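Following: one structure in structure tokens, then a few remarks.
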Amino acid sequence: MADISLTASMRSNLLSLQSTQSLMDMTQERLATGKKVNSAIDNPSSYYTAQSLNNRADDLSALLDSMGQGVQTIKAANEAIETITSFAEQAKAIANSARDVASNYDKYAITSDEITKGVSGTVIVDSRTDLSKFTIDFTNESKDKKFMVYTPDGEGHEITLKGDNADAIAQSAVTDLQALGLNAELNGKSVSVSSTDGSAISWVNGAKADGSNGMAYTTGAAVEVTLTGTGNGANSATIAAALNGQGGVAAVADGKRVSVTAKNLEFRIFAKDPTQADALDELGLTGSKKAGDATTITEERVDYAKQFNEILSQIDSLAKDAGYKGINLLQENDLTVIFNEDRTSKIEVKGVDGSSEGLGMAVVKNDWQKDSDIDTSISQVENAVSKLRTMASDFGNNYSIVQTREEFTDNLINVLTEGADNLTLADMNEESANMLALQTRQQLAINSLSLASQASQSVLQLF
């Protein structure tokens with residue numbers, strides 16, 4: 001090319017045309033890619049800054065998927081909690097229905113409340129075929145002997161025998177008993193006593209610890225039982241041992257409670273001292289029952305007990321089915337959700353035991369034949385519902401946190417991407433205008449080059 005000589009004007013126009021073509025090539029690339037910075041050569045600072053922003057956006061996008069799955073895991077647990085709560089409320093309704101059914105046990109047994117404090121005092125235990133009447137034989141009794149009569153209100157009255165022979169003693173007893181408002185009928189040397197309204201009455205031999213002042217006749221008499229606290233108080237086993245076998249009753253320790261029965265006999269238990277009556281009433285150790293067999297099963301309560309146990313089984317199954325992608329927050333699996341690319345920001349959602357056992361609900365005891373067992377089940381369900389509400393609140397709070405961070409991350413990705421685009425993307429309107437201008441410039445340059453070449457062509461006219 002060095003051997004070809006161009007005029008100055010032609011060379012100037014040629015250089016201008018080459019420059020225009022170079023600009024057109026760059027503009028065409030920008031129009032084709034949509035970017036004004038396509039490589040580090042174009043603008044190293046903008047290129048590497050945009051690449052860093054895009055890399056962080058990609059990392060956060062991967063975490064965004066993880067957050068979404070975390071939200072679904074928490075949501076699955078929360079849905080299960082709501083259903084379990086419905087089951088628990090259904091179980092409580094079943095228990096209340098069973099409570100409304102009178103059972104033979106509670107009809108014919110006295111069951112104390114939970115005994116958690118000291119208890120002491122003397123109670124009268126009386127069990128007979130008919131508590132409204134009794135008979136005392138005074139054949140072998142003598143003057144000054146004593147016995148106690150307890151009227152239907154539980155108040156005790158001391159009777160002192162008077163007279164020099166059995167007939168006189170029996171007659172004196174009749175007089176004193178009638179003075180108490182009781183029916184008393186003399187039959188030879190014995191006295192038949194009954195209440196006027198069929199309510200319970202009792203009598204107790206007045207013997208002292210040394211055996212003095214006591215009557216020889218003891219058949220049909222009630223028994224005094226002394227309950228003495230040990231340490232912080234007598235437990236149920238101690239009380240049951242003191243009551244058991246006294247006056248024909250059978251006492252059994254049932255956890256922190258005491259159950260007293262007298263098969264097919266009427267019986268009653270009451271405080272000897274009226275000042276202790278309130279304390280014993282508070283423990284549920286007093287009362288009277290008609291004759292019957294407390295061990296006879298109440299089938300309707302058995303049916304309700306089966307329904308309750310089935311609900312517990314369904315709760316256990318539901319808690320097992322509450323998992324999402326291998327993580328079950330109701331089976332004590334923990335969930336960790338990462339919020340940033342260097343794993344310094346995260347939340348740990350602690351799993352819980354959502355089974356019936358974990359919620360403190362136990363299968364029915366004794367087929368719910370005792371009111372106390374139903375009360376225990378109801379209390380367990382109420383505590384379980386309280387736990388479920390706490391769980392729902394905790395999971396709801398975690399759900400809100402993860403969802404809020406998910407929205408923030410999504411917006412942050414948009415900010416990063418937008419920032420990278422601002423550094424690299426071309427203004428398509430501007431580049432289109434540039435292309436049009438360059439095309440015009442190119443045409444003008446070609447025309448100018450053509451005009452410049454005409455000066456050289458005029459030399460040919462000399463030949």
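Every chain in the structure tokens takes a letter, A first, then B, and so on in the order presented; its residues are numbered from 1, and the ligands are numbered from 1 following the presented order.
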If you take only C-alpha atoms and a cut-off of 12 Å, which residues of range 40-93 of chain A touch range 329-339 of chain A, and what are their nearest atom pairs and distances in Å to one decimal, in chain and number order, as a tab-separated table?
residue	atom	partner	partner_atom	distance
A:Asp59	CA	A:Phe339	CA	10.6
A:Leu60	CA	A:Phe339	CA	8.1
A:Ser61	CA	A:Phe339	CA	10.7
A:Ala62	CA	A:Phe339	CA	10.4
A:Leu63	CA	A:Phe339	CA	6.8
A:Leu64	CA	A:Phe339	CA	8.1
A:Asp65	CA	A:Val337	CA	10.5
A:Ser66	CA	A:Val337	CA	7.1
A:Met67	CA	A:Val337	CA	6.2
A:Gly68	CA	A:Val337	CA	9.5
A:Gln69	CA	A:Val337	CA	9.0
A:Gly70	CA	A:Val337	CA	6.3
A:Val71	CA	A:Val337	CA	9.1
A:Gln72	CA	A:Leu335	CA	11.3
A:Thr73	CA	A:Leu329	CA	7.8
A:Ile74	CA	A:Leu329	CA	7.4
A:Lys75	CA	A:Leu329	CA	10.1
A:Ala76	CA	A:Leu329	CA	8.7
A:Ala77	CA	A:Leu329	CA	6.1
A:Asn78	CA	A:Leu329	CA	9.2
A:Glu79	CA	A:Leu330	CA	10.9
A:Ala80	CA	A:Leu330	CA	8.4
A:Ile81	CA	A:Leu330	CA	8.4
A:Ile84	CA	A:Leu330	CA	10.8
Determine, counting only C-alpha atoms, which protein, DNA and RNA residues have an atom within 12 Å of an atom of Asp137 in chain A; residues of the same chain fewer than 3 positions away are not included. Present the result as a PyMOL selection string.
chain A and resi 134+140-142+166-167+169-171+173-174+185-193+215-221
How would you write, as a short mmCIF file (atom, residue, chain, number, x, y, z; two decimals) with all heavy atoms, in the first residue's frame, the set of residues in range 91-201 of chain A that DSSP gives as strand (DSSP E or B)?
data_model
loop_
_atom_site.label_atom_id
_atom_site.label_comp_id
_atom_site.auth_asym_id
_atom_site.auth_seq_id
_atom_site.Cartn_x
_atom_site.Cartn_y
_atom_site.Cartn_z
N ALA A 109 -69.00 -44.84 95.51
CA ALA A 109 -67.67 -44.69 96.11
C ALA A 109 -67.43 -43.23 96.48
O ALA A 109 -67.99 -42.32 95.87
CB ALA A 109 -66.58 -45.16 95.14
N ILE A 110 -66.60 -43.04 97.49
CA ILE A 110 -66.13 -41.71 97.86
C ILE A 110 -64.68 -41.61 97.39
O ILE A 110 -63.84 -42.42 97.77
CB ILE A 110 -66.21 -41.47 99.37
CG1 ILE A 110 -67.67 -41.41 99.84
CG2 ILE A 110 -65.49 -40.18 99.75
CD1 ILE A 110 -67.82 -41.26 101.34
N THR A 111 -64.41 -40.62 96.55
CA THR A 111 -63.06 -40.43 96.03
C THR A 111 -62.58 -39.04 96.43
O THR A 111 -63.23 -38.04 96.14
CB THR A 111 -63.02 -40.56 94.49
OG1 THR A 111 -63.51 -41.85 94.13
CG2 THR A 111 -61.60 -40.40 93.97
N GLY A 121 -56.73 -35.56 111.97
CA GLY A 121 -58.02 -35.46 112.62
C GLY A 121 -58.67 -36.83 112.70
O GLY A 121 -58.15 -37.84 112.23
N THR A 122 -59.83 -36.86 113.34
CA THR A 122 -60.55 -38.11 113.53
C THR A 122 -61.82 -38.10 112.69
O THR A 122 -62.59 -37.14 112.72
CB THR A 122 -60.92 -38.31 115.00
OG1 THR A 122 -59.73 -38.31 115.79
CG2 THR A 122 -61.66 -39.63 115.20
N VAL A 123 -62.01 -39.18 111.92
CA VAL A 123 -63.22 -39.31 111.12
C VAL A 123 -64.01 -40.50 111.63
O VAL A 123 -63.45 -41.46 112.18
CB VAL A 123 -62.90 -39.48 109.62
CG1 VAL A 123 -62.24 -38.24 109.06
CG2 VAL A 123 -62.03 -40.70 109.38
N ILE A 124 -65.32 -40.44 111.44
CA ILE A 124 -66.20 -41.54 111.79
C ILE A 124 -66.52 -42.31 110.52
O ILE A 124 -66.96 -41.72 109.52
CB ILE A 124 -67.51 -41.03 112.43
CG1 ILE A 124 -67.20 -40.09 113.59
CG2 ILE A 124 -68.36 -42.20 112.87
CD1 ILE A 124 -66.42 -40.72 114.71
N VAL A 125 -66.27 -43.61 110.55
CA VAL A 125 -66.54 -44.46 109.39
C VAL A 125 -67.65 -45.43 109.77
O VAL A 125 -67.52 -46.20 110.73
CB VAL A 125 -65.28 -45.24 108.96
CG1 VAL A 125 -65.58 -46.11 107.74
CG2 VAL A 125 -64.14 -44.28 108.67
N ASP A 126 -68.74 -45.39 109.02
CA ASP A 126 -69.90 -46.22 109.35
C ASP A 126 -70.41 -46.88 108.08
O ASP A 126 -70.69 -46.21 107.09
CB ASP A 126 -71.00 -45.35 109.98
CG ASP A 126 -72.12 -46.19 110.58
OD1 ASP A 126 -72.02 -47.43 110.55
OD2 ASP A 126 -73.10 -45.58 111.07
N SER A 127 -70.52 -48.19 108.08
CA SER A 127 -71.07 -48.90 106.92
C SER A 127 -72.03 -49.98 107.43
O SER A 127 -71.68 -50.82 108.24
CB SER A 127 -69.95 -49.53 106.10
OG SER A 127 -69.22 -50.47 106.86
N ARG A 128 -73.26 -49.90 106.92
CA ARG A 128 -74.28 -50.88 107.30
C ARG A 128 -75.25 -51.06 106.14
O ARG A 128 -75.20 -50.34 105.14
CB ARG A 128 -75.05 -50.38 108.54
CG ARG A 128 -74.23 -50.42 109.83
CD ARG A 128 -74.99 -49.86 111.02
NE ARG A 128 -74.93 -48.39 111.07
CZ ARG A 128 -75.99 -47.61 111.06
NH1 ARG A 128 -77.21 -48.13 110.99
NH2 ARG A 128 -75.86 -46.31 111.13
N LYS A 133 -80.93 -46.49 110.47
CA LYS A 133 -81.37 -47.12 111.72
C LYS A 133 -80.30 -48.03 112.28
O LYS A 133 -79.43 -48.51 111.55
CB LYS A 133 -82.67 -47.90 111.50
CG LYS A 133 -82.56 -48.98 110.43
CD LYS A 133 -83.91 -49.62 110.17
CE LYS A 133 -83.82 -50.68 109.08
NZ LYS A 133 -85.13 -51.31 108.80
N PHE A 134 -80.36 -48.25 113.58
CA PHE A 134 -79.48 -49.22 114.23
C PHE A 134 -80.15 -49.71 115.51
O PHE A 134 -81.12 -49.11 116.00
CB PHE A 134 -78.10 -48.61 114.56
CG PHE A 134 -78.14 -47.39 115.43
CD1 PHE A 134 -78.28 -47.49 116.81
CD2 PHE A 134 -78.03 -46.13 114.87
CE1 PHE A 134 -78.31 -46.37 117.62
CE2 PHE A 134 -78.05 -44.99 115.67
CZ PHE A 134 -78.19 -45.10 117.04
N THR A 135 -79.66 -50.81 116.06
CA THR A 135 -80.21 -51.40 117.29
C THR A 135 -79.07 -51.63 118.28
O THR A 135 -78.00 -52.13 117.91
CB THR A 135 -80.91 -52.73 117.00
OG1 THR A 135 -81.98 -52.51 116.07
CG2 THR A 135 -81.46 -53.34 118.28
N ILE A 136 -79.30 -51.25 119.55
CA ILE A 136 -78.31 -51.48 120.60
C ILE A 136 -78.93 -52.38 121.67
O ILE A 136 -80.03 -52.10 122.15
CB ILE A 136 -77.85 -50.16 121.25
CG1 ILE A 136 -77.33 -49.19 120.19
CG2 ILE A 136 -76.78 -50.42 122.29
CD1 ILE A 136 -76.92 -47.84 120.76
N ASP A 137 -78.20 -53.41 122.04
CA ASP A 137 -78.65 -54.33 123.09
C ASP A 137 -77.95 -53.94 124.40
O ASP A 137 -76.73 -53.88 124.47
CB ASP A 137 -78.29 -55.76 122.70
CG ASP A 137 -78.89 -56.78 123.64
OD1 ASP A 137 -79.37 -56.37 124.73
OD2 ASP A 137 -78.90 -57.96 123.29
N LYS A 146 -70.74 -45.20 128.46
CA LYS A 146 -71.05 -44.11 127.54
C LYS A 146 -70.97 -44.57 126.09
O LYS A 146 -70.25 -45.52 125.76
CB LYS A 146 -70.07 -42.94 127.73
CG LYS A 146 -70.04 -42.36 129.15
CD LYS A 146 -68.97 -41.28 129.26
CE LYS A 146 -68.87 -40.77 130.70
NZ LYS A 146 -70.08 -40.08 131.13
N PHE A 147 -71.74 -43.89 125.24
CA PHE A 147 -71.57 -44.06 123.78
C PHE A 147 -71.97 -42.75 123.11
O PHE A 147 -72.64 -41.90 123.70
CB PHE A 147 -72.38 -45.25 123.25
CG PHE A 147 -73.87 -45.08 123.33
CD1 PHE A 147 -74.61 -44.62 122.23
CD2 PHE A 147 -74.57 -45.42 124.51
CE1 PHE A 147 -75.99 -44.50 122.32
CE2 PHE A 147 -75.94 -45.29 124.58
CZ PHE A 147 -76.67 -44.83 123.49
N MET A 148 -71.54 -42.58 121.85
CA MET A 148 -71.80 -41.36 121.09
C MET A 148 -72.82 -41.64 120.01
O MET A 148 -72.79 -42.68 119.35
CB MET A 148 -70.51 -40.84 120.43
CG MET A 148 -69.44 -40.36 121.41
SD MET A 148 -69.92 -38.83 122.28
CE MET A 148 -70.00 -37.70 120.91
N VAL A 149 -73.74 -40.71 119.84
CA VAL A 149 -74.72 -40.79 118.74
C VAL A 149 -74.51 -39.58 117.84
O VAL A 149 -74.44 -38.43 118.31
CB VAL A 149 -76.16 -40.81 119.29
CG1 VAL A 149 -77.15 -40.74 118.12
CG2 VAL A 149 -76.40 -42.06 120.11
N TYR A 150 -74.39 -39.85 116.53
CA TYR A 150 -74.20 -38.78 115.54
C TYR A 150 -75.47 -38.66 114.72
O TYR A 150 -75.91 -39.59 114.05
CB TYR A 150 -73.00 -39.07 114.65
CG TYR A 150 -71.69 -38.98 115.40
CD1 TYR A 150 -71.17 -40.10 116.05
CD2 TYR A 150 -71.01 -37.77 115.48
CE1 TYR A 150 -69.97 -40.01 116.76
CE2 TYR A 150 -69.82 -37.67 116.19
CZ TYR A 150 -69.30 -38.80 116.83
OH TYR A 150 -68.13 -38.71 117.53
N GLY A 156 -72.15 -34.76 117.11
CA GLY A 156 -72.05 -35.85 118.06
C GLY A 156 -72.71 -35.53 119.40
O GLY A 156 -72.63 -34.39 119.88
N HIS A 157 -73.36 -36.52 119.99
CA HIS A 157 -74.03 -36.35 121.28
C HIS A 157 -73.64 -37.53 122.17
O HIS A 157 -73.83 -38.69 121.79
CB HIS A 157 -75.55 -36.31 121.11
CG HIS A 157 -76.01 -35.24 120.15
ND1 HIS A 157 -76.30 -33.96 120.54
CD2 HIS A 157 -76.23 -35.30 118.80
CE1 HIS A 157 -76.68 -33.26 119.49
NE2 HIS A 157 -76.65 -34.05 118.42
N GLU A 158 -73.12 -37.23 123.35
CA GLU A 158 -72.70 -38.29 124.27
C GLU A 158 -73.90 -38.73 125.11
O GLU A 158 -74.61 -37.92 125.68
CB GLU A 158 -71.58 -37.80 125.17
CG GLU A 158 -71.00 -38.90 126.05
CD GLU A 158 -69.83 -38.40 126.89
OE1 GLU A 158 -70.07 -37.57 127.78
OE2 GLU A 158 -68.71 -38.84 126.63
N ILE A 159 -74.10 -40.06 125.17
CA ILE A 159 -75.17 -40.65 125.98
C ILE A 159 -74.53 -41.41 127.14
O ILE A 159 -73.68 -42.28 126.91
CB ILE A 159 -76.04 -41.61 125.14
CG1 ILE A 159 -76.59 -40.91 123.90
CG2 ILE A 159 -77.16 -42.18 126.00
CD1 ILE A 159 -77.56 -39.80 124.19
N THR A 160 -74.95 -41.09 128.36
CA THR A 160 -74.45 -41.80 129.54
C THR A 160 -75.57 -42.69 130.08
O THR A 160 -76.71 -42.22 130.31
CB THR A 160 -74.02 -40.80 130.64
OG1 THR A 160 -72.99 -39.94 130.12
CG2 THR A 160 -73.50 -41.56 131.85
N ASN A 183 -86.23 -41.44 116.43
CA ASN A 183 -87.21 -42.45 116.83
C ASN A 183 -86.48 -43.52 117.62
O ASN A 183 -85.51 -44.11 117.13
CB ASN A 183 -87.87 -43.07 115.60
CG ASN A 183 -88.66 -42.05 114.78
OD1 ASN A 183 -89.32 -41.19 115.35
ND2 ASN A 183 -88.60 -42.15 113.46
N ALA A 184 -86.92 -43.80 118.82
CA ALA A 184 -86.30 -44.82 119.66
C ALA A 184 -87.40 -45.69 120.25
O ALA A 184 -88.32 -45.18 120.91
CB ALA A 184 -85.47 -44.17 120.76
N GLU A 185 -87.29 -47.02 120.04
CA GLU A 185 -88.33 -47.95 120.49
C GLU A 185 -87.68 -49.03 121.33
O GLU A 185 -86.70 -49.67 120.93
CB GLU A 185 -89.04 -48.55 119.28
CG GLU A 185 -90.18 -49.48 119.66
CD GLU A 185 -90.90 -50.05 118.43
OE1 GLU A 185 -90.67 -49.53 117.31
OE2 GLU A 185 -91.68 -51.01 118.60
N LEU A 186 -88.25 -49.22 122.52
CA LEU A 186 -87.72 -50.21 123.46
C LEU A 186 -88.28 -51.58 123.12
O LEU A 186 -89.49 -51.77 123.01
CB LEU A 186 -88.10 -49.82 124.89
CG LEU A 186 -87.60 -50.73 126.01
CD1 LEU A 186 -86.08 -50.78 126.03
CD2 LEU A 186 -88.16 -50.27 127.36
N ASN A 187 -87.41 -52.55 122.93
CA ASN A 187 -87.78 -53.94 122.69
C ASN A 187 -87.09 -54.81 123.74
O ASN A 187 -86.00 -55.34 123.48
CB ASN A 187 -87.37 -54.39 121.29
CG ASN A 187 -88.07 -53.58 120.21
OD1 ASN A 187 -89.29 -53.49 120.22
ND2 ASN A 187 -87.28 -52.99 119.31
N SER A 190 -83.27 -54.17 124.47
CA SER A 190 -82.60 -53.54 123.32
C SER A 190 -83.45 -52.35 122.86
O SER A 190 -84.64 -52.29 123.12
CB SER A 190 -82.40 -54.54 122.19
OG SER A 190 -83.65 -54.97 121.68
N VAL A 191 -82.81 -51.47 122.14
CA VAL A 191 -83.47 -50.27 121.65
C VAL A 191 -83.24 -50.16 120.14
O VAL A 191 -82.09 -50.24 119.68
CB VAL A 191 -82.93 -49.01 122.35
CG1 VAL A 191 -83.58 -47.76 121.76
CG2 VAL A 191 -83.19 -49.10 123.85
N SER A 192 -84.33 -50.01 119.38
CA SER A 192 -84.25 -49.79 117.94
C SER A 192 -84.33 -48.29 117.69
O SER A 192 -85.27 -47.63 118.14
CB SER A 192 -85.39 -50.50 117.21
OG SER A 192 -85.29 -51.91 117.40
N VAL A 193 -83.36 -47.78 116.98
CA VAL A 193 -83.25 -46.34 116.75
C VAL A 193 -83.30 -46.07 115.24
O VAL A 193 -82.69 -46.78 114.44
CB VAL A 193 -81.95 -45.77 117.33
CG1 VAL A 193 -81.92 -44.25 117.22
CG2 VAL A 193 -81.78 -46.21 118.77
N SER A 194 -84.03 -45.04 114.83
CA SER A 194 -84.08 -44.66 113.42
C SER A 194 -84.25 -43.15 113.29
O SER A 194 -84.73 -42.48 114.21
CB SER A 194 -85.23 -45.37 112.70
OG SER A 194 -86.48 -44.98 113.24
#
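Excluding Ile94 in chain A itself and any same-chain residue fewer than 4 positions from it, the protein and nucleic acid residues within 12 Å of it, counting only C-alpha atoms, are A:Phe87, A:Ala88, A:Glu89, A:Gln90, A:Ala98, A:Arg99, A:Asp100, A:Val101, A:Glu300, A:Arg301, A:Val302, A:Asp303, A:Tyr304, A:Ala305, A:Lys306, A:Gln307, A:Phe308, A:Asn309, A:Glu310, A:Ile311, A:Leu312, A:Val364, A:Trp368, A:Ile374, A:Asp375, A:Ser377, A:Ile378, A:Val381.
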Write to file, as a CSV table (one decimal), in the first residue's frame, the residues of the selection just made, with N, CA, C and O atoms.
chain,number,residue,atom,x,y,z
A,87,PHE,N,-58.6,-31.5,67.2
A,87,PHE,CA,-58.7,-32.9,67.7
A,87,PHE,C,-58.8,-32.8,69.3
A,87,PHE,O,-59.6,-33.5,69.9
A,88,ALA,N,-57.9,-31.9,69.8
A,88,ALA,CA,-57.9,-31.8,71.3
A,88,ALA,C,-59.2,-31.3,71.8
A,88,ALA,O,-59.8,-31.8,72.9
A,89,GLU,N,-59.8,-30.3,71.1
A,89,GLU,CA,-61.1,-29.8,71.6
A,89,GLU,C,-62.2,-30.8,71.4
A,89,GLU,O,-63.1,-30.9,72.3
A,90,GLN,N,-62.1,-31.7,70.4
A,90,GLN,CA,-63.0,-32.8,70.2
A,90,GLN,C,-62.9,-33.8,71.4
A,90,GLN,O,-63.9,-34.3,71.9
A,98,ALA,N,-68.7,-37.9,78.7
A,98,ALA,CA,-68.5,-39.0,79.6
A,98,ALA,C,-68.8,-38.6,81.1
A,98,ALA,O,-69.4,-39.3,81.8
A,99,ARG,N,-68.4,-37.4,81.4
A,99,ARG,CA,-68.5,-36.9,82.7
A,99,ARG,C,-70.0,-36.7,83.1
A,99,ARG,O,-70.4,-36.8,84.2
A,100,ASP,N,-70.8,-36.4,82.1
A,100,ASP,CA,-72.3,-36.3,82.3
A,100,ASP,C,-73.0,-37.6,82.5
A,100,ASP,O,-74.1,-37.6,83.0
A,101,VAL,N,-72.3,-38.7,82.2
A,101,VAL,CA,-72.9,-40.0,82.5
A,101,VAL,C,-72.5,-40.5,83.9
A,101,VAL,O,-71.4,-40.6,84.2
A,300,GLU,N,-71.4,-47.1,78.9
A,300,GLU,CA,-71.4,-45.9,78.1
A,300,GLU,C,-70.1,-45.1,78.3
A,300,GLU,O,-69.5,-44.5,77.4
A,301,ARG,N,-69.5,-45.2,79.5
A,301,ARG,CA,-68.3,-44.5,79.7
A,301,ARG,C,-67.1,-45.2,79.0
A,301,ARG,O,-66.2,-44.6,78.6
A,302,VAL,N,-67.2,-46.5,79.0
A,302,VAL,CA,-66.2,-47.3,78.2
A,302,VAL,C,-66.2,-46.9,76.8
A,302,VAL,O,-65.1,-46.7,76.2
A,303,ASP,N,-67.4,-46.7,76.2
A,303,ASP,CA,-67.4,-46.3,74.8
A,303,ASP,C,-66.8,-44.9,74.6
A,303,ASP,O,-66.1,-44.7,73.6
A,304,TYR,N,-67.1,-44.0,75.5
A,304,TYR,CA,-66.5,-42.7,75.4
A,304,TYR,C,-65.0,-42.8,75.5
A,304,TYR,O,-64.2,-42.0,74.9
A,305,ALA,N,-64.5,-43.6,76.4
A,305,ALA,CA,-63.1,-43.8,76.6
A,305,ALA,C,-62.4,-44.3,75.3
A,305,ALA,O,-61.3,-43.8,75.0
A,306,LYS,N,-63.0,-45.2,74.6
A,306,LYS,CA,-62.5,-45.7,73.4
A,306,LYS,C,-62.4,-44.6,72.3
A,306,LYS,O,-61.4,-44.5,71.6
A,307,GLN,N,-63.4,-43.7,72.3
A,307,GLN,CA,-63.4,-42.6,71.4
A,307,GLN,C,-62.3,-41.6,71.7
A,307,GLN,O,-61.6,-41.1,70.8
A,308,PHE,N,-62.1,-41.4,73.0
A,308,PHE,CA,-61.0,-40.5,73.4
A,308,PHE,C,-59.6,-41.0,73.0
A,308,PHE,O,-58.8,-40.3,72.5
A,309,ASN,N,-59.4,-42.3,73.2
A,309,ASN,CA,-58.2,-43.0,72.9
A,309,ASN,C,-57.9,-42.9,71.4
A,309,ASN,O,-56.8,-42.8,70.9
A,310,GLU,N,-59.0,-43.1,70.6
A,310,GLU,CA,-58.9,-43.0,69.1
A,310,GLU,C,-58.4,-41.6,68.7
A,310,GLU,O,-57.6,-41.4,67.8
A,311,ILE,N,-58.9,-40.6,69.4
A,311,ILE,CA,-58.5,-39.2,69.0
A,311,ILE,C,-57.0,-39.0,69.3
A,311,ILE,O,-56.3,-38.4,68.5
A,312,LEU,N,-56.6,-39.6,70.4
A,312,LEU,CA,-55.1,-39.5,70.7
A,312,LEU,C,-54.3,-40.2,69.6
A,312,LEU,O,-53.2,-39.7,69.3
A,364,VAL,N,-56.9,-43.1,78.4
A,364,VAL,CA,-57.8,-43.2,79.4
A,364,VAL,C,-57.4,-44.2,80.5
A,364,VAL,O,-57.0,-45.3,80.2
A,368,TRP,N,-62.4,-44.7,82.4
A,368,TRP,CA,-63.2,-43.5,82.9
A,368,TRP,C,-64.3,-43.9,83.8
A,368,TRP,O,-65.4,-43.2,83.9
A,374,ILE,N,-61.7,-38.8,84.7
A,374,ILE,CA,-62.1,-38.0,83.6
A,374,ILE,C,-61.6,-36.6,83.8
A,374,ILE,O,-61.2,-35.9,82.9
A,375,ASP,N,-61.7,-36.1,85.1
A,375,ASP,CA,-61.2,-34.8,85.4
A,375,ASP,C,-59.7,-34.6,85.0
A,375,ASP,O,-59.3,-33.6,84.5
A,377,SER,N,-58.2,-36.3,82.7
A,377,SER,CA,-58.1,-36.3,81.2
A,377,SER,C,-58.4,-34.9,80.7
A,377,SER,O,-57.8,-34.3,79.8
A,378,ILE,N,-59.5,-34.3,81.2
A,378,ILE,CA,-59.9,-32.9,80.8
A,378,ILE,C,-58.8,-31.9,81.1
A,378,ILE,O,-58.5,-31.1,80.3
A,381,VAL,N,-56.0,-32.3,78.6
A,381,VAL,CA,-56.4,-31.7,77.3
A,381,VAL,C,-56.3,-30.2,77.3
A,381,VAL,O,-55.8,-29.6,76.4
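You can rank A:Leu15, A:Ala57, A:Leu359, A:Ile297 by their closest distance to Ile413 in chain A using only C-alpha atoms, and at the top of that list sits A:Ala57.
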I want to know what sits within 10 Å of Gly181 in chain A, based on only C-alpha atoms, with residues of the same chain fewer than 3 positions away left out; could you give that as a PyMOL selection string?
chain A and resi 151+176-178+184+194-196
For the selection just defined, write its residues with C-alpha atoms to a file, as a PDB file, in the first residue's frame.
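Output below, filename again03.pdb:
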ATOM      1  CA  THR A 151     -77.334 -37.220 114.125  1.00  0.00           C
ATOM      2  CA  ASP A 176     -82.064 -39.545 125.765  1.00  0.00           C
ATOM      3  CA  LEU A 177     -82.307 -40.695 122.119  1.00  0.00           C
ATOM      4  CA  GLN A 178     -85.803 -39.328 121.716  1.00  0.00           C
ATOM      5  CA  ALA A 184     -86.296 -44.820 119.663  1.00  0.00           C
ATOM      6  CA  SER A 194     -84.085 -44.656 113.418  1.00  0.00           C
ATOM      7  CA  SER A 195     -84.036 -41.175 111.899  1.00  0.00           C
ATOM      8  CA  THR A 196     -87.340 -39.474 111.282  1.00  0.00           C
TER       9      THR A 196
END
